[in-house]
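Chemist: Please read through the structure below; I'll follow up with questions.
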There are 2 protein chains.
Amino acid sequence: MARVHNFSAGPAALPECVLREAQTELLDYAGSGMSVLEMSHRSATFQSIIDDAEASLRRLLGIPGNYRVLFLQGGATLQFAGIPLNLMRTGRAGYLLTGNFAKLAWKEACRYGEAEVLATSEDTNFDRIPNLEAAGERASRNDLDYVYICQNNTIFGTMFSELPPTGATPLVADVSSCFLSLPLEVERYGLIYAGAQKNAGPAGVTVVIVREDLIENGPARADICPTYLGYQLQAAKGSMYNTPNTFGIYLCGKVFRWVEQTGGLTAMEARNRAKAELLYDLIDHSELFHGTAQPTSRSIANVTFRTDDANTDAAFIAFARERGIEGVKGHRLVGGMRASIYNAVSMESVEALATCMRNFEASWSPRSI
Amino acid sequence: MARVHNFSAGPAALPECVLREAQTELLDYAGSGMSVLEMSHRSATFQSIIDDAEASLRRLLGIPGNYRVLFLQGGATLQFAGIPLNLMRTGRAGYLLTGNFAKLAWKEACRYGEAEVLATSEDTNFDRIPNLEAAGERASRNDLDYVYICQNNTIFGTMFSELPPTGATPLVADVSSCFLSLPLEVERYGLIYAGAQKNAGPAGVTVVIVREDLIENGPARADICPTYLGYQLQAAKGSMYNTPNTFGIYLCGKVFRWVEQTGGLTAMEARNRAKAELLYDLIDHSELFHGTAQPTSRSIANVTFRTDDANTDAAFIAFARERGIEGVKGHRLVGGMRASIYNAVSMESVEALATCMRNFEASWSPRSI
């Protein structure tokens with residue numbers, strides 16, 4: 001079968017050239033006589049692989065020298081605990097609830113300290129990024145260990161277009177679904193982290209970028225923080241306190257280099273905005289499809305939309321699948337459809353989806369349902 | 001370059017046929033039009049992959065219906081915390097210290113409760129499995145939540161030839177480096193776990209097999225256990241509370257089926273014992289090489305040996321490498337050499353190593369060093 005148009009929210013489409021390179025090297029990496037899958041993480045060859053991956057990421061994001069890069073396991077979910085266990089030094093942090101994952105992170109933090117809700121959009125089923133002013137004011141009292149956001153909300157299709165003004169309080173951001181979609185000002189954050197499986201590589205790697213001074217004294221809750229989760233230790237050991245997901249890191253490195261070769265993050269942002277605009281414009285002019293996120297909060301990575309009828313949604317999803325378009329079913333918390341248009345989703349795929357939406361709408365009549 | 005003879009302790013050699021299958025499927029798995037690396041973990045296709053992997057493992061080990069199988073991340077190291085956080089209900093457990101990883105697991109448990117040392121062989125640098133009688137007697141008082149062992153000690157080349165008699169006290173075993181090397185009586189254990197990167201697949205997957213009654217009430221330390229590490233939740237969610245290491249699980253499934261097709265665990269044990277005996281026999285008749293583990297405690301998975309001189313060890317390792325033999329440098333805690341002869345290491349590779357050792361010894365004279 002030909003490769004499909006893959007709009008999965010994660011694990012998600014990877015650049016075909018990355019897959020082809022990995023395929024070629026699968027039994028013999030760079031003349032080593034073995035697969036990366038079989039290679040000791042203590043070997044010089046693997047050390048080059050992880051060093052090169054980090055160097056490429058540092059170039060892409062312009063990561064300052066006082067930030068450490070970690071490649072961990074356990075997904076964003078494990079970091080929901082890792083963040084308070086490492087950073088809640090006085091025991092109080094602020095959370096902005098803009099979706100399901102932000103809320104889960106907040107609940108996890110509540111077990112380790114006082115996690116204040118600084119803003120929420122739950123009253124309208126997280127269809128928007130709330131006003132950030134109150135959060136900024138609260139942060140200015142300088143008694144929070146950090147302010148936490150989920151910068152792009154995969155399920156709800158919303159994204160922060162500006163960051164909350166947290167002043168000297170470190171900003172912690174789950175950027176899983178917008179990581180490498182656009183430039184980030186790393187200096188604005190205390191910690192950024194991302195599950196790789198959306199835009200950076202395969203499932204099983206979590207990239208953590210953290211300002212050194214926040215971790216240099218070890219975990220805030222060293223008494224109960226699992227050793228594995230200690231950022232300071234993992235940084236000191238180059239993410240290899242124990243065996244990391246070696247093959248996953250190798251693939252992330254290939255994706256990072258592909259992003260560099262494709263023009264870097266400014267080029268990615270332009271491509272992603274063009275893809276998103278194509279779909280949002282179609283949705284805004286459609287009589288059948290409606291966007292579910294408020295226009296000023298729209299994501300450039302996850303485009304959520306629906307019809308007014310769950311059966312029509314299901315019919316569209318089946319119609320799309322018959323045309324080689326996969327992964328457009330929305331999350332059950334929103335319903336409808338979601339097109340995740342990460343870096344590796346081409347404009348050609350987005351155009352195929354747009355054509356499919358237009359054709360479905362043209363053939364659709366309320367009586368036919 | 002031809003594929004080398006890979007004696008790495010982990011990540012370690014994988015069956016070539018598994019790698020070739022994965023290579024063929026890397027851009028299009030089973031006509032799905034996408035790589036397993038790109039596939040939603042919520043898709044029916046991935047659900048079959050994880051279900052088939054579990055079913056194959058259940059057949060191989062004869063896992064009873066009241067045991068749950070989990071595919072987690074974070075390596076054995078994360079489970080050093082996961083085990084006490086889930087199982088230390090009264091706050092007291094017993095640990096047998098037979099090597100570095102057992103000791104790390106014990107240290108981690110000390111943070112969450114009282115972890116008694118029931119036996120240790122640290123006085124002779126972990127060159128043996130200690131007498132198990134005292135541990136059995138201590139367990140018979142029935143006031144321990146579990147007794148913990150590391151069944152095969154990768155670094156020191158030792159292996160339990162029998163299990164400690166723990167009676168009704170659940171036995172918890174890190175079997176990372178002997179998992180699938182030989183049959184296990186699953187009923188004898190409360191929990192078995194293994195980092196996949198030695199004998200079961202790639203780095204980034206940890207298999208946990210746990211008796212249902214030990215986890216059904218949630219983590220013992222639900223107040224502080226990271227949600228990700230809650231065995232009961234992960235079991236209820238089929239290891240997919242969050243995105244698992246999908247590609248790693250896919251490869252583990254392929255390795256499990258390869259073991260089945262190669263005759264199962266009885267056949268694996270016979271092959272592994274034959275490989276180990278070849279090397280131990282050579283070592284026992286050598287004037288140059290000496291085994292570092294006491295003979296009655298020897299591992300069938302990791303064969304540790306050395307000469308009397310660190311320079312000669314280094315010369316042998318270089319000599320072997322020139323002959324396409326990789327990964328035989330011993331761990332720094334023991335020095336010398338280590339040949340990890342997991343399932344995917346063929347008798348042909350072991351014979352190549354044996355020939356190399358004989359040739360090195362024949363060419364060796366103390367004056368030449």
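Numbering starts fresh at 1 for the residues of each chain in the structure tokens, the chains themselves are lettered A, B, ... in the order given, and ligands are numbered from 1 as they appear.
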Tell me the residues of chain B close to chain A, meaning within 6 Å using only C-alpha atoms, as a PyMOL selection string.
Modeler: chain B and resi 1-4+10-13+23+31+33-34+37-40+73-74+78+81+202-204+226+228+245
Chemist: Quick one: DSSP helix (DSSP H, G or I) residues in range 122-315 of chain A, as a PyMOL selection string?
Modeler: chain A and resi 122-124+133-139+186-188+212-215+227-229+231-236+246-261+264-284+295-297+310-315
Chemist: Step one, run DSSP on the backbone; step two, keep only residues of range 232-355 of chain B assigned to strand (DSSP E); then write them as an NGL selection string.
Modeler: :B and (290-291 or 302-306 or 325-326 or 337-340)
Chemist: Rank nothing, just name the residue among A:Leu279, A:Asp52, A:Ile249, A:Gly238 nearest to Thr206 in chain A, using only C-alpha atoms.
Modeler: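 Selected residue with least distance to Thr206 in chain A: A:Ile249.
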Chemist: Mind pulling up the distance from CA of Leu70 in chain B to CA of Asn217 in chain B?
Modeler: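 Calculated distance between CA of Asn217 in chain B and CA of Leu70 in chain B is 16.7 Å.
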Chemist: I'd like the contact shell of range 121-126 of chain A - 7 Å cut-off, only C-alpha atoms, skipping same-chain residues fewer than 6 positions apart - returned as a count of residues only.
Modeler: 4
Chemist: Write out as a JSON list (two decimals) with N, CA, C and O atoms, in the first residue's frame which residues come within 9 Å of Tyr148 in chain B when counting only C-alpha atoms, dropping same-chain ones fewer than 4 positions away.
Modeler:
[["chain", "number", "residue", "atom", "x", "y", "z"],
["B", 93, "ALA", "N", 10.61, -4.59, 53.97],
["B", 93, "ALA", "CA", 10.92, -5.60, 52.95],
["B", 93, "ALA", "C", 12.33, -6.11, 53.16],
["B", 93, "ALA", "O", 13.13, -5.49, 53.88],
["B", 94, "GLY", "N", 12.64, -7.25, 52.58],
["B", 94, "GLY", "CA", 13.98, -7.83, 52.71],
["B", 94, "GLY", "C", 14.70, -7.83, 51.37],
["B", 94, "GLY", "O", 14.08, -8.11, 50.34],
["B", 95, "TYR", "N", 15.98, -7.51, 51.38],
["B", 95, "TYR", "CA", 16.76, -7.44, 50.14],
["B", 95, "TYR", "C", 17.99, -8.34, 50.24],
["B", 95, "TYR", "O", 18.67, -8.36, 51.27],
["B", 96, "LEU", "N", 18.27, -9.09, 49.20],
["B", 96, "LEU", "CA", 19.51, -9.85, 49.08],
["B", 96, "LEU", "C", 20.46, -9.07, 48.19],
["B", 96, "LEU", "O", 20.12, -8.79, 47.03],
["B", 97, "LEU", "N", 21.61, -8.74, 48.72],
["B", 97, "LEU", "CA", 22.55, -7.91, 47.95],
["B", 97, "LEU", "C", 23.57, -8.80, 47.26],
["B", 97, "LEU", "O", 24.49, -9.33, 47.89],
["B", 102, "ALA", "N", 21.28, -4.84, 42.64],
["B", 102, "ALA", "CA", 20.53, -5.20, 43.85],
["B", 102, "ALA", "C", 20.75, -4.15, 44.93],
["B", 102, "ALA", "O", 19.82, -3.74, 45.64],
["B", 105, "ALA", "N", 18.83, -1.01, 44.13],
["B", 105, "ALA", "CA", 17.40, -1.23, 44.41],
["B", 105, "ALA", "C", 17.14, -1.13, 45.91],
["B", 105, "ALA", "O", 16.14, -0.55, 46.35],
["B", 106, "TRP", "N", 18.05, -1.70, 46.70],
["B", 106, "TRP", "CA", 17.92, -1.65, 48.16],
["B", 106, "TRP", "C", 18.01, -0.22, 48.68],
["B", 106, "TRP", "O", 17.19, 0.22, 49.49],
["B", 170, "PRO", "N", 5.87, -12.69, 49.24],
["B", 170, "PRO", "CA", 6.10, -12.57, 47.79],
["B", 170, "PRO", "C", 7.58, -12.35, 47.47],
["B", 170, "PRO", "O", 8.26, -11.56, 48.13],
["B", 171, "LEU", "N", 8.03, -13.07, 46.47],
["B", 171, "LEU", "CA", 9.40, -12.90, 45.98],
["B", 171, "LEU", "C", 9.35, -11.93, 44.80],
["B", 171, "LEU", "O", 8.55, -12.10, 43.87],
["B", 172, "VAL", "N", 10.19, -10.92, 44.85],
["B", 172, "VAL", "CA", 10.28, -9.93, 43.77],
["B", 172, "VAL", "C", 11.66, -10.09, 43.13],
["B", 172, "VAL", "O", 12.66, -10.10, 43.85],
["B", 173, "ALA", "N", 11.68, -10.25, 41.81],
["B", 173, "ALA", "CA", 12.97, -10.51, 41.17],
["B", 173, "ALA", "C", 13.21, -9.63, 39.96],
["B", 173, "ALA", "O", 12.37, -9.54, 39.06],
["B", 174, "ASP", "N", 14.37, -9.00, 39.97],
["B", 174, "ASP", "CA", 14.89, -8.35, 38.76],
["B", 174, "ASP", "C", 15.56, -9.45, 37.95],
["B", 174, "ASP", "O", 16.59, -9.99, 38.35]]
Chemist: Could you tell me which of A:Phe256, A:Glu187, A:His285, A:Gly336 comes closest to Gly62 in chain A if we count only C-alpha atoms?
Modeler: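 Checking each of A:Phe256, A:Glu187, A:His285, A:Gly336 against Gly62 in chain A, counting only C-alpha atoms, the winner is A:Glu187.
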